[in-house]
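Containing PDB, C-alpha atoms and all ligand atoms: structure26.pdb.
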ATOM      1  CA  MET A1430     -62.327  41.009 -48.602  1.00  0.00           C
ATOM      2  CA  LEU A1431     -64.783  38.692 -50.347  1.00  0.00           C
ATOM      3  CA  ILE A1432     -63.383  35.163 -50.725  1.00  0.00           C
ATOM      4  CA  ILE A1433     -64.955  32.892 -53.337  1.00  0.00           C
ATOM      5  CA  GLY A1434     -64.114  29.170 -53.448  1.00  0.00           C
ATOM      6  CA  ILE A1435     -64.532  27.340 -56.753  1.00  0.00           C
ATOM      7  CA  ALA A1436     -64.301  23.529 -56.618  1.00  0.00           C
ATOM      8  CA  GLY A1437     -65.160  20.672 -58.977  1.00  0.00           C
ATOM      9  CA  GLY A1438     -63.538  17.597 -60.478  1.00  0.00           C
ATOM     10  CA  THR A1439     -60.522  17.723 -62.717  1.00  0.00           C
ATOM     11  CA  GLY A1440     -61.384  19.046 -66.179  1.00  0.00           C
ATOM     12  CA  CYS A1441     -64.774  20.404 -65.123  1.00  0.00           C
ATOM     13  CA  GLY A1442     -63.641  23.862 -66.200  1.00  0.00           C
ATOM     14  CA  LYS A1443     -62.701  25.651 -62.952  1.00  0.00           C
ATOM     15  CA  THR A1444     -59.782  27.553 -64.470  1.00  0.00           C
ATOM     16  CA  THR A1445     -61.847  28.435 -67.526  1.00  0.00           C
ATOM     17  CA  VAL A1446     -64.749  29.673 -65.374  1.00  0.00           C
ATOM     18  CA  VAL A1447     -62.361  31.744 -63.211  1.00  0.00           C
ATOM     19  CA  ASN A1448     -60.825  33.327 -66.311  1.00  0.00           C
ATOM     20  CA  GLN A1449     -64.280  34.089 -67.713  1.00  0.00           C
ATOM     21  CA  ILE A1450     -65.323  35.640 -64.375  1.00  0.00           C
ATOM     22  CA  ILE A1451     -62.288  37.894 -64.016  1.00  0.00           C
ATOM     23  CA  ASP A1452     -62.252  38.879 -67.680  1.00  0.00           C
ATOM     24  CA  GLU A1453     -63.599  42.445 -67.816  1.00  0.00           C
ATOM     25  CA  LEU A1454     -63.269  42.906 -64.025  1.00  0.00           C
ATOM     26  CA  PRO A1455     -60.713  45.474 -62.833  1.00  0.00           C
ATOM     27  CA  GLU A1456     -57.330  43.701 -62.596  1.00  0.00           C
ATOM     28  CA  ASN A1457     -56.292  45.334 -59.323  1.00  0.00           C
ATOM     29  CA  GLU A1458     -59.468  44.394 -57.473  1.00  0.00           C
ATOM     30  CA  VAL A1459     -59.601  40.627 -58.025  1.00  0.00           C
ATOM     31  CA  GLY A1460     -56.945  38.023 -57.227  1.00  0.00           C
ATOM     32  CA  VAL A1461     -56.778  34.286 -57.908  1.00  0.00           C
ATOM     33  CA  ILE A1462     -55.198  31.508 -55.874  1.00  0.00           C
ATOM     34  CA  SER A1463     -54.960  27.997 -57.288  1.00  0.00           C
ATOM     35  CA  GLN A1464     -54.888  24.962 -55.023  1.00  0.00           C
ATOM     36  CA  ASP A1465     -52.394  23.459 -57.497  1.00  0.00           C
ATOM     37  CA  SER A1466     -49.775  25.946 -56.224  1.00  0.00           C
ATOM     38  CA  TYR A1467     -50.096  24.352 -52.793  1.00  0.00           C
ATOM     39  CA  TYR A1468     -49.088  20.777 -53.591  1.00  0.00           C
ATOM     40  CA  LYS A1469     -46.661  19.748 -50.855  1.00  0.00           C
ATOM     41  CA  ASP A1470     -42.960  20.208 -51.419  1.00  0.00           C
ATOM     42  CA  THR A1471     -41.622  16.750 -52.314  1.00  0.00           C
ATOM     43  CA  SER A1472     -37.991  17.635 -53.010  1.00  0.00           C
ATOM     44  CA  HIS A1473     -36.880  14.795 -50.718  1.00  0.00           C
ATOM     45  CA  LEU A1474     -38.327  12.262 -53.228  1.00  0.00           C
ATOM     46  CA  SER A1475     -36.859  11.151 -56.556  1.00  0.00           C
ATOM     47  CA  TYR A1476     -38.741  11.933 -59.782  1.00  0.00           C
ATOM     48  CA  GLU A1477     -39.787   8.257 -59.980  1.00  0.00           C
ATOM     49  CA  GLU A1478     -41.187   8.402 -56.450  1.00  0.00           C
ATOM     50  CA  ARG A1479     -43.011  11.646 -57.193  1.00  0.00           C
ATOM     51  CA  THR A1480     -44.804  10.134 -60.201  1.00  0.00           C
ATOM     52  CA  LYS A1481     -46.416   7.647 -57.790  1.00  0.00           C
ATOM     53  CA  ILE A1482     -47.938  10.317 -55.526  1.00  0.00           C
ATOM     54  CA  ASN A1483     -51.723  10.364 -55.302  1.00  0.00           C
ATOM     55  CA  PHE A1484     -52.287  13.990 -56.326  1.00  0.00           C
ATOM     56  CA  ASP A1485     -56.046  13.709 -55.888  1.00  0.00           C
ATOM     57  CA  HIS A1486     -55.970  12.914 -52.176  1.00  0.00           C
ATOM     58  CA  PRO A1487     -56.305  15.775 -49.642  1.00  0.00           C
ATOM     59  CA  ARG A1488     -53.037  14.748 -47.964  1.00  0.00           C
ATOM     60  CA  ALA A1489     -51.147  15.827 -51.121  1.00  0.00           C
ATOM     61  CA  ILE A1490     -52.067  19.457 -50.423  1.00  0.00           C
ATOM     62  CA  ASP A1491     -50.261  21.765 -48.011  1.00  0.00           C
ATOM     63  CA  PHE A1492     -53.528  23.035 -46.532  1.00  0.00           C
ATOM     64  CA  ASP A1493     -51.696  24.571 -43.531  1.00  0.00           C
ATOM     65  CA  LEU A1494     -49.833  26.905 -45.861  1.00  0.00           C
ATOM     66  CA  LEU A1495     -53.003  27.718 -47.805  1.00  0.00           C
ATOM     67  CA  VAL A1496     -54.902  28.557 -44.577  1.00  0.00           C
ATOM     68  CA  ASN A1497     -51.966  30.651 -43.418  1.00  0.00           C
ATOM     69  CA  HIS A1498     -51.849  32.562 -46.728  1.00  0.00           C
ATOM     70  CA  LEU A1499     -55.590  33.208 -46.785  1.00  0.00           C
ATOM     71  CA  LYS A1500     -55.463  34.549 -43.227  1.00  0.00           C
ATOM     72  CA  THR A1501     -52.493  36.778 -44.083  1.00  0.00           C
ATOM     73  CA  LEU A1502     -54.272  38.155 -47.161  1.00  0.00           C
ATOM     74  CA  LYS A1503     -57.403  38.766 -45.086  1.00  0.00           C
ATOM     75  CA  GLU A1504     -55.250  40.801 -42.687  1.00  0.00           C
ATOM     76  CA  GLY A1505     -54.220  42.937 -45.658  1.00  0.00           C
ATOM     77  CA  GLU A1506     -50.687  41.556 -46.043  1.00  0.00           C
ATOM     78  CA  PRO A1507     -49.150  40.075 -49.206  1.00  0.00           C
ATOM     79  CA  VAL A1508     -47.968  36.445 -49.463  1.00  0.00           C
ATOM     80  CA  HIS A1509     -45.398  34.576 -51.527  1.00  0.00           C
ATOM     81  CA  GLN A1510     -47.409  31.901 -53.375  1.00  0.00           C
ATOM     82  CA  PRO A1511     -45.434  28.796 -54.319  1.00  0.00           C
ATOM     83  CA  VAL A1512     -45.125  27.948 -58.009  1.00  0.00           C
ATOM     84  CA  TYR A1513     -45.791  24.314 -58.994  1.00  0.00           C
ATOM     85  CA  SER A1514     -44.412  22.374 -61.959  1.00  0.00           C
ATOM     86  CA  PHE A1515     -46.662  19.647 -63.396  1.00  0.00           C
ATOM     87  CA  VAL A1516     -43.693  18.429 -65.417  1.00  0.00           C
ATOM     88  CA  LYS A1517     -41.389  17.955 -62.405  1.00  0.00           C
ATOM     89  CA  HIS A1518     -44.280  17.017 -60.092  1.00  0.00           C
ATOM     90  CA  ASN A1519     -42.866  19.418 -57.547  1.00  0.00           C
ATOM     91  CA  ARG A1520     -42.727  22.977 -56.340  1.00  0.00           C
ATOM     92  CA  THR A1521     -40.202  25.131 -58.135  1.00  0.00           C
ATOM     93  CA  LYS A1522     -37.847  27.475 -56.317  1.00  0.00           C
ATOM     94  CA  ASP A1523     -39.908  30.459 -57.534  1.00  0.00           C
ATOM     95  CA  THR A1524     -42.697  32.207 -55.685  1.00  0.00           C
ATOM     96  CA  VAL A1525     -45.228  34.792 -56.810  1.00  0.00           C
ATOM     97  CA  LEU A1526     -45.814  37.873 -54.685  1.00  0.00           C
ATOM     98  CA  THR A1527     -49.587  38.008 -54.252  1.00  0.00           C
ATOM     99  CA  HIS A1528     -51.258  41.129 -52.881  1.00  0.00           C
ATOM    100  CA  PRO A1529     -54.614  41.143 -51.086  1.00  0.00           C
ATOM    101  CA  ARG A1530     -57.509  42.200 -53.299  1.00  0.00           C
ATOM    102  CA  LYS A1531     -61.103  43.196 -52.581  1.00  0.00           C
ATOM    103  CA  VAL A1532     -62.121  39.848 -54.071  1.00  0.00           C
ATOM    104  CA  MET A1533     -59.974  36.707 -53.863  1.00  0.00           C
ATOM    105  CA  ILE A1534     -60.970  33.598 -55.836  1.00  0.00           C
ATOM    106  CA  VAL A1535     -59.574  30.254 -54.654  1.00  0.00           C
ATOM    107  CA  GLU A1536     -59.957  27.338 -57.066  1.00  0.00           C
ATOM    108  CA  GLY A1537     -59.114  23.658 -56.787  1.00  0.00           C
ATOM    109  CA  ILE A1538     -60.470  20.123 -56.795  1.00  0.00           C
ATOM    110  CA  LEU A1539     -60.177  19.642 -53.015  1.00  0.00           C
ATOM    111  CA  ILE A1540     -60.679  23.090 -51.509  1.00  0.00           C
ATOM    112  CA  LEU A1541     -64.151  22.315 -50.141  1.00  0.00           C
ATOM    113  CA  THR A1542     -62.895  19.198 -48.324  1.00  0.00           C
ATOM    114  CA  HIS A1543     -61.084  21.289 -45.703  1.00  0.00           C
ATOM    115  CA  PRO A1544     -63.494  22.586 -43.002  1.00  0.00           C
ATOM    116  CA  GLU A1545     -61.412  25.624 -41.975  1.00  0.00           C
ATOM    117  CA  ILE A1546     -60.913  26.762 -45.564  1.00  0.00           C
ATOM    118  CA  ARG A1547     -64.574  26.119 -46.331  1.00  0.00           C
ATOM    119  CA  ASP A1548     -65.531  28.417 -43.465  1.00  0.00           C
ATOM    120  CA  MET A1549     -63.348  31.188 -44.869  1.00  0.00           C
ATOM    121  CA  PHE A1550     -65.309  31.301 -48.122  1.00  0.00           C
ATOM    122  CA  ASP A1551     -68.118  33.850 -48.428  1.00  0.00           C
ATOM    123  CA  ILE A1552     -69.406  32.077 -51.528  1.00  0.00           C
ATOM    124  CA  LYS A1553     -68.827  28.405 -52.369  1.00  0.00           C
ATOM    125  CA  ILE A1554     -69.203  27.341 -56.004  1.00  0.00           C
ATOM    126  CA  PHE A1555     -69.049  23.825 -57.471  1.00  0.00           C
ATOM    127  CA  VAL A1556     -68.511  23.496 -61.220  1.00  0.00           C
ATOM    128  CA  HIS A1557     -70.111  20.332 -62.603  1.00  0.00           C
ATOM    129  CA  ALA A1558     -69.281  18.523 -65.819  1.00  0.00           C
ATOM    130  CA  ASP A1559     -70.070  14.855 -66.537  1.00  0.00           C
ATOM    131  CA  SER A1560     -67.219  12.410 -65.952  1.00  0.00           C
ATOM    132  CA  ASP A1561     -66.871  11.445 -69.635  1.00  0.00           C
ATOM    133  CA  GLU A1562     -66.638  15.116 -70.565  1.00  0.00           C
ATOM    134  CA  ARG A1563     -64.017  15.692 -67.860  1.00  0.00           C
ATOM    135  CA  LEU A1564     -61.975  12.697 -68.978  1.00  0.00           C
ATOM    136  CA  ILE A1565     -61.941  13.880 -72.598  1.00  0.00           C
ATOM    137  CA  ARG A1566     -60.840  17.369 -71.534  1.00  0.00           C
ATOM    138  CA  ARG A1567     -58.235  15.988 -69.144  1.00  0.00           C
ATOM    139  CA  LEU A1568     -56.790  13.723 -71.834  1.00  0.00           C
ATOM    140  CA  LYS A1569     -56.443  16.580 -74.297  1.00  0.00           C
ATOM    141  CA  ARG A1570     -54.989  18.953 -71.703  1.00  0.00           C
ATOM    142  CA  ASP A1571     -52.510  16.548 -70.120  1.00  0.00           C
ATOM    143  CA  ILE A1572     -51.193  15.368 -73.490  1.00  0.00           C
ATOM    144  CA  ASN A1573     -51.015  18.853 -75.035  1.00  0.00           C
ATOM    145  CA  GLU A1574     -49.936  20.905 -72.027  1.00  0.00           C
ATOM    146  CA  ARG A1575     -48.534  18.645 -69.320  1.00  0.00           C
ATOM    147  CA  GLY A1576     -46.316  16.263 -71.321  1.00  0.00           C
ATOM    148  CA  ARG A1577     -48.301  13.083 -70.530  1.00  0.00           C
ATOM    149  CA  ASP A1578     -49.221  10.196 -72.847  1.00  0.00           C
ATOM    150  CA  LEU A1579     -52.539   8.400 -73.426  1.00  0.00           C
ATOM    151  CA  ASP A1580     -51.778   5.329 -71.265  1.00  0.00           C
ATOM    152  CA  GLU A1581     -50.500   7.419 -68.385  1.00  0.00           C
ATOM    153  CA  VAL A1582     -53.614   9.607 -68.272  1.00  0.00           C
ATOM    154  CA  LEU A1583     -56.017   6.681 -68.645  1.00  0.00           C
ATOM    155  CA  ASN A1584     -54.262   4.607 -65.951  1.00  0.00           C
ATOM    156  CA  ARG A1585     -54.242   7.531 -63.573  1.00  0.00           C
ATOM    157  CA  TYR A1586     -57.885   8.205 -64.314  1.00  0.00           C
ATOM    158  CA  GLN A1587     -59.003   4.641 -63.610  1.00  0.00           C
ATOM    159  CA  ASN A1588     -56.775   3.978 -60.618  1.00  0.00           C
ATOM    160  CA  THR A1589     -56.721   7.329 -58.878  1.00  0.00           C
ATOM    161  CA  LEU A1590     -58.798  10.167 -60.307  1.00  0.00           C
ATOM    162  CA  LYS A1591     -62.112   8.336 -60.500  1.00  0.00           C
ATOM    163  CA  PRO A1592     -62.041   6.780 -56.996  1.00  0.00           C
ATOM    164  CA  MET A1593     -60.695   9.995 -55.422  1.00  0.00           C
ATOM    165  CA  HIS A1594     -63.360  12.015 -57.193  1.00  0.00           C
ATOM    166  CA  GLN A1595     -66.074   9.750 -55.806  1.00  0.00           C
ATOM    167  CA  GLN A1596     -64.598   9.658 -52.302  1.00  0.00           C
ATOM    168  CA  PHE A1597     -63.518  13.276 -51.783  1.00  0.00           C
ATOM    169  CA  ILE A1598     -64.628  15.702 -54.484  1.00  0.00           C
ATOM    170  CA  GLU A1599     -68.194  14.837 -55.497  1.00  0.00           C
ATOM    171  CA  PRO A1600     -69.408  14.789 -51.834  1.00  0.00           C
ATOM    172  CA  THR A1601     -68.332  18.440 -51.417  1.00  0.00           C
ATOM    173  CA  LYS A1602     -71.014  19.471 -53.898  1.00  0.00           C
ATOM    174  CA  GLU A1603     -73.395  19.540 -50.953  1.00  0.00           C
ATOM    175  CA  PHE A1604     -71.447  22.449 -49.429  1.00  0.00           C
ATOM    176  CA  ALA A1605     -71.877  24.617 -52.539  1.00  0.00           C
ATOM    177  CA  ASP A1606     -74.044  27.743 -52.584  1.00  0.00           C
ATOM    178  CA  ILE A1607     -74.019  27.702 -56.384  1.00  0.00           C
ATOM    179  CA  ILE A1608     -73.569  24.740 -58.762  1.00  0.00           C
ATOM    180  CA  ILE A1609     -72.523  25.714 -62.274  1.00  0.00           C
ATOM    181  CA  PRO A1610     -73.440  23.177 -64.976  1.00  0.00           C
ATOM    182  CA  ASN A1611     -70.482  23.267 -67.354  1.00  0.00           C
ATOM    183  CA  ASN A1612     -70.915  20.499 -69.911  1.00  0.00           C
ATOM    184  CA  LYS A1613     -71.306  23.454 -72.244  1.00  0.00           C
ATOM    185  CA  TYR A1614     -69.873  26.934 -71.752  1.00  0.00           C
ATOM    186  CA  ASN A1615     -72.200  28.632 -69.282  1.00  0.00           C
ATOM    187  CA  THR A1616     -72.157  32.365 -69.888  1.00  0.00           C
ATOM    188  CA  VAL A1617     -75.315  32.953 -67.821  1.00  0.00           C
ATOM    189  CA  ALA A1618     -73.840  31.469 -64.627  1.00  0.00           C
ATOM    190  CA  VAL A1619     -70.551  33.282 -65.181  1.00  0.00           C
ATOM    191  CA  GLY A1620     -72.498  36.523 -65.616  1.00  0.00           C
ATOM    192  CA  ILE A1621     -74.350  35.976 -62.329  1.00  0.00           C
ATOM    193  CA  VAL A1622     -71.105  35.453 -60.389  1.00  0.00           C
ATOM    194  CA  ARG A1623     -69.599  38.526 -62.063  1.00  0.00           C
ATOM    195  CA  THR A1624     -72.645  40.582 -61.017  1.00  0.00           C
ATOM    196  CA  ILE A1625     -72.186  39.479 -57.391  1.00  0.00           C
ATOM    197  CA  ILE A1626     -68.526  40.506 -57.541  1.00  0.00           C
ATOM    198  CA  ASN A1627     -69.351  43.846 -59.170  1.00  0.00           C
ATOM    199  CA  GLU A1628     -71.791  44.594 -56.334  1.00  0.00           C
ATOM    200  CA  LYS A1629     -68.981  43.973 -53.850  1.00  0.00           C
ATOM    201  CA  LEU A1630     -66.624  46.220 -55.807  1.00  0.00           C
ATOM    202  CA  ALA A1631     -69.146  49.075 -56.182  1.00  0.00           C
TER     203      ALA A1631
HETATM  204  N1  LIG B1701     -67.590  24.222 -71.063  1.00  0.00           N
HETATM  205  C1  LIG B1701     -66.532  23.724 -71.713  1.00  0.00           C
HETATM  206  N2  LIG B1701     -66.698  23.119 -72.916  1.00  0.00           N
HETATM  207  C2  LIG B1701     -65.637  22.591 -73.580  1.00  0.00           C
HETATM  208  N3  LIG B1701     -64.350  22.616 -73.126  1.00  0.00           N
HETATM  209  C3  LIG B1701     -64.146  23.215 -71.945  1.00  0.00           C
HETATM  210  C4  LIG B1701     -65.203  23.793 -71.174  1.00  0.00           C
HETATM  211  N4  LIG B1701     -64.681  24.317 -70.031  1.00  0.00           N
HETATM  212  C5  LIG B1701     -63.352  24.063 -70.087  1.00  0.00           C
HETATM  213  N5  LIG B1701     -63.028  23.422 -71.231  1.00  0.00           N
HETATM  214  C6  LIG B1701     -61.687  22.940 -71.637  1.00  0.00           C
HETATM  215  O1  LIG B1701     -61.404  21.785 -70.846  1.00  0.00           O
HETATM  216  C7  LIG B1701     -60.041  21.790 -70.429  1.00  0.00           C
HETATM  217  C8  LIG B1701     -60.007  21.757 -68.911  1.00  0.00           C
HETATM  218  O2  LIG B1701     -60.547  22.960 -68.436  1.00  0.00           O
HETATM  219  P1  LIG B1701     -59.974  23.673 -67.140  1.00  0.00           P
HETATM  220  O3  LIG B1701     -60.643  24.988 -67.012  1.00  0.00           O
HETATM  221  O4  LIG B1701     -58.471  23.652 -67.143  1.00  0.00           O
HETATM  222  O5  LIG B1701     -60.519  22.665 -66.027  1.00  0.00           O
HETATM  223  P2  LIG B1701     -60.096  22.478 -64.509  1.00  0.00           P
HETATM  224  O6  LIG B1701     -59.379  23.742 -64.078  1.00  0.00           O
HETATM  225  O7  LIG B1701     -61.383  22.279 -63.793  1.00  0.00           O
HETATM  226  O8  LIG B1701     -59.235  21.252 -64.483  1.00  0.00           O
HETATM  227  C9  LIG B1701     -59.401  23.038 -71.025  1.00  0.00           C
HETATM  228  O9  LIG B1701     -58.720  22.672 -72.200  1.00  0.00           O
HETATM  229  C10 LIG B1701     -60.590  23.947 -71.354  1.00  0.00           C
HETATM  230  O10 LIG B1701     -60.338  24.761 -72.450  1.00  0.00           O
HETATM  231  N1  LIG B1702     -47.875  16.646 -60.513  1.00  0.00           N
HETATM  232  C1  LIG B1702     -49.206  16.630 -60.689  1.00  0.00           C
HETATM  233  C2  LIG B1702     -50.058  17.227 -59.774  1.00  0.00           C
HETATM  234  C3  LIG B1702     -51.414  17.197 -60.026  1.00  0.00           C
HETATM  235  N2  LIG B1702     -51.896  16.593 -61.128  1.00  0.00           N
HETATM  236  C4  LIG B1702     -53.336  16.541 -61.386  1.00  0.00           C
HETATM  237  O1  LIG B1702     -53.891  17.840 -61.430  1.00  0.00           O
HETATM  238  C5  LIG B1702     -55.264  17.743 -61.155  1.00  0.00           C
HETATM  239  C6  LIG B1702     -55.776  18.985 -60.501  1.00  0.00           C
HETATM  240  O2  LIG B1702     -55.703  20.068 -61.382  1.00  0.00           O
HETATM  241  P1  LIG B1702     -56.973  20.550 -62.236  1.00  0.00           P
HETATM  242  O3  LIG B1702     -56.470  21.782 -62.925  1.00  0.00           O
HETATM  243  O4  LIG B1702     -57.324  19.456 -63.181  1.00  0.00           O
HETATM  244  O5  LIG B1702     -58.061  20.843 -61.268  1.00  0.00           O
HETATM  245  C7  LIG B1702     -55.448  16.548 -60.253  1.00  0.00           C
HETATM  246  O6  LIG B1702     -56.504  15.733 -60.727  1.00  0.00           O
HETATM  247  C8  LIG B1702     -54.097  15.812 -60.311  1.00  0.00           C
HETATM  248  O7  LIG B1702     -54.242  14.458 -60.681  1.00  0.00           O
HETATM  249  C9  LIG B1702     -51.039  16.013 -62.023  1.00  0.00           C
HETATM  250  O8  LIG B1702     -51.470  15.453 -63.060  1.00  0.00           O
HETATM  251  N3  LIG B1702     -49.697  16.037 -61.799  1.00  0.00           N
END
Reformat the file's structure so that it appears as structure tokens.
Amino acid sequence: MLIIGIAGGTGCGKTTVVNQIIDELPENEVGVISQDSYYKDTSHLSYEERTKINFDHPRAIDFDLLVNHLKTLKEGEPVHQPVYSFVKHNRTKDTVLTHPRKVMIVEGILILTHPEIRDMFDIKIFVHADSDERLIRRLKRDINERGRDLDEVLNRYQNTLKPMHQQFIEPTKEFADIIIPNNKYNTVAVGIVRTIINEKLA
């Protein structure tokens, strides 16, 4: 199994890049795991308390479960991935049965901060977009898709996202084998990653 880690700040385009990479690749050969599915279960907190969680700090992620799932997949066994709700700020009761594939892509803002997970990746990719570009994208996405309003997104950006990005996410760029500039759609870089995957699948 080839495991590819794709990191980068919120709104840099990780999900978009992953979708572009797997588009045209055989469905049964490539699987995707999102770090967002591994936010810790916070059912013991009220909704109000959950809105105050710092979702951009590594301690918000259930890395033990993610490590466990990656090891299980590597051993050829399926896992039950949690399903996360950005509206409820919590895991749902659902899970998704995820089978091991020849290529597994793991994407998320903080995945390169965890040494054990980092070591499991055969290829480490960091997607870069400038912070103003990321903020614009995040604003549009959170308002259109995640039920947030302008003030909420801007406050979170200033108070949490920006400092957490500087402290935890940007420094992991140095671990990357490939940095994809993504201020504009980058079909060349996506093509290169797809070629690497196709070689593995051949
Ligand atoms: N290169 C790009 N140029 C313009 N918009 C982009 C680009 N890449 C992604 N987007 C848009 O920005 C938003 C955030 O992208 P997404 O892939 O969800 O980022 P991430 O997963 O890193 O948070 C989405 O609405 C997406 O369509
Ligand atoms: N309940 C939550 C949990 C997380 N977030 C934000 O999601 C971002 C990570 O996802 P990307 O797709 O943008 O990589 C992260 O910056 C968290 O702030 C949230 O808004 N609500």
Discussion item. Under the PyMOL selection byres (((chain A and resi 1506) around 12) and not hetatm), which residues of this model are included? Write them out as an MDAnalysis selection string.
Written reply: chainID A and resid 1430 1497:1505 1507:1509 1526:1530
Fill in: From A:Arg1567, A:Lys1517, A:Lys1553, A:Arg1575, residue lying nearest Val1622 in chain A [all atoms listed in the file]
A:Lys1553
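Nearest-residue note for Glu1581 in chain A: choosing from A:Ser1463, A:Thr1480, A:Thr1524, A:Asn1611, the minimum distance belongs to A:Thr1480, counting all atoms listed in the file.
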Discussion item. Neighbouring residues of range 1464-1475 of chain A were defined as those with any atom within 9 Å, considering all atoms listed in the file; residues of the same chain fewer than 3 positions away were excluded. Please report them as an MDAnalysis selection string.
Written reply: chainID A and resid 1478:1480 1484 1488:1492 1494:1495 1510:1514 1518:1521 1535:1540
Using C-alpha atoms, can you write the selected residues to a file as an mmCIF file, in the coordinates of the input?
data_model
loop_
_atom_site.group_PDB
_atom_site.id
_atom_site.type_symbol
_atom_site.label_atom_id
_atom_site.label_comp_id
_atom_site.auth_asym_id
_atom_site.auth_seq_id
_atom_site.Cartn_x
_atom_site.Cartn_y
_atom_site.Cartn_z
ATOM 1 C CA GLU A 1478 -41.187 8.402 -56.450
ATOM 2 C CA ARG A 1479 -43.011 11.646 -57.193
ATOM 3 C CA THR A 1480 -44.804 10.134 -60.201
ATOM 4 C CA PHE A 1484 -52.287 13.990 -56.326
ATOM 5 C CA ARG A 1488 -53.037 14.748 -47.964
ATOM 6 C CA ALA A 1489 -51.147 15.827 -51.121
ATOM 7 C CA ILE A 1490 -52.067 19.457 -50.423
ATOM 8 C CA ASP A 1491 -50.261 21.765 -48.011
ATOM 9 C CA PHE A 1492 -53.528 23.035 -46.532
ATOM 10 C CA LEU A 1494 -49.833 26.905 -45.861
ATOM 11 C CA LEU A 1495 -53.003 27.718 -47.805
ATOM 12 C CA GLN A 1510 -47.409 31.901 -53.375
ATOM 13 C CA PRO A 1511 -45.434 28.796 -54.319
ATOM 14 C CA VAL A 1512 -45.125 27.948 -58.009
ATOM 15 C CA TYR A 1513 -45.791 24.314 -58.994
ATOM 16 C CA SER A 1514 -44.412 22.374 -61.959
ATOM 17 C CA HIS A 1518 -44.280 17.017 -60.092
ATOM 18 C CA ASN A 1519 -42.866 19.418 -57.547
ATOM 19 C CA ARG A 1520 -42.727 22.977 -56.340
ATOM 20 C CA THR A 1521 -40.202 25.131 -58.135
ATOM 21 C CA VAL A 1535 -59.574 30.254 -54.654
ATOM 22 C CA GLU A 1536 -59.957 27.338 -57.066
ATOM 23 C CA GLY A 1537 -59.114 23.658 -56.787
ATOM 24 C CA ILE A 1538 -60.470 20.123 -56.795
ATOM 25 C CA LEU A 1539 -60.177 19.642 -53.015
ATOM 26 C CA ILE A 1540 -60.679 23.090 -51.509
#
Worksheet item: Counting only C-alpha atoms, which of A:Ile1546, A:Leu1583, A:Val1446, A:Leu1541 gets nearest to Asp1493 in chain A?
Response: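 Selected residue with least distance to Asp1493 in chain A: A:Ile1546.
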Item to complete: Check which residues fall inside 6 Å of ligand LIG 1701 (chain B) when counting only C-alpha atoms and all ligand atoms, and print them as a PyMOL selection string.
Response: chain A and resi 1439-1445+1566+1570+1611-1614
Could range 1447-1460 of chain A be completed with N, CA and C atoms and written as a compact mmCIF listing (two decimals), in the coordinates of the input, please?
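Written output follows (out.txt):
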# COMPACT_ATOMS: atom_id res chain seq x y z
N VAL A 1447 -63.03 30.63 -63.92
CA VAL A 1447 -62.36 31.74 -63.21
C VAL A 1447 -61.92 32.81 -64.22
N ASN A 1448 -61.30 32.35 -65.32
CA ASN A 1448 -60.82 33.33 -66.31
C ASN A 1448 -61.99 34.10 -66.93
N GLN A 1449 -63.11 33.39 -67.15
CA GLN A 1449 -64.28 34.09 -67.71
C GLN A 1449 -64.83 35.11 -66.71
N ILE A 1450 -64.79 34.72 -65.41
CA ILE A 1450 -65.32 35.64 -64.38
C ILE A 1450 -64.47 36.90 -64.29
N ILE A 1451 -63.14 36.72 -64.27
CA ILE A 1451 -62.29 37.89 -64.02
C ILE A 1451 -62.06 38.74 -65.27
N ASP A 1452 -62.34 38.13 -66.43
CA ASP A 1452 -62.25 38.88 -67.68
C ASP A 1452 -63.22 40.05 -67.58
N GLU A 1453 -62.78 41.21 -67.87
CA GLU A 1453 -63.60 42.44 -67.82
C GLU A 1453 -63.74 43.01 -66.41
N LEU A 1454 -63.25 42.31 -65.37
CA LEU A 1454 -63.27 42.91 -64.03
C LEU A 1454 -61.95 43.66 -63.84
N PRO A 1455 -61.95 44.72 -63.01
CA PRO A 1455 -60.71 45.47 -62.83
C PRO A 1455 -59.59 44.61 -62.25
N GLU A 1456 -58.45 44.59 -62.93
CA GLU A 1456 -57.33 43.70 -62.60
C GLU A 1456 -56.85 43.84 -61.15
N ASN A 1457 -56.85 45.09 -60.66
CA ASN A 1457 -56.29 45.33 -59.32
C ASN A 1457 -57.25 44.99 -58.18
N GLU A 1458 -58.46 44.62 -58.52
CA GLU A 1458 -59.47 44.39 -57.47
C GLU A 1458 -59.72 42.91 -57.21
N VAL A 1459 -59.30 42.06 -58.15
CA VAL A 1459 -59.60 40.63 -58.02
C VAL A 1459 -58.31 39.81 -58.13
N GLY A 1460 -58.13 38.89 -57.20
CA GLY A 1460 -56.94 38.02 -57.23
C GLY A 1460 -57.36 36.56 -57.28
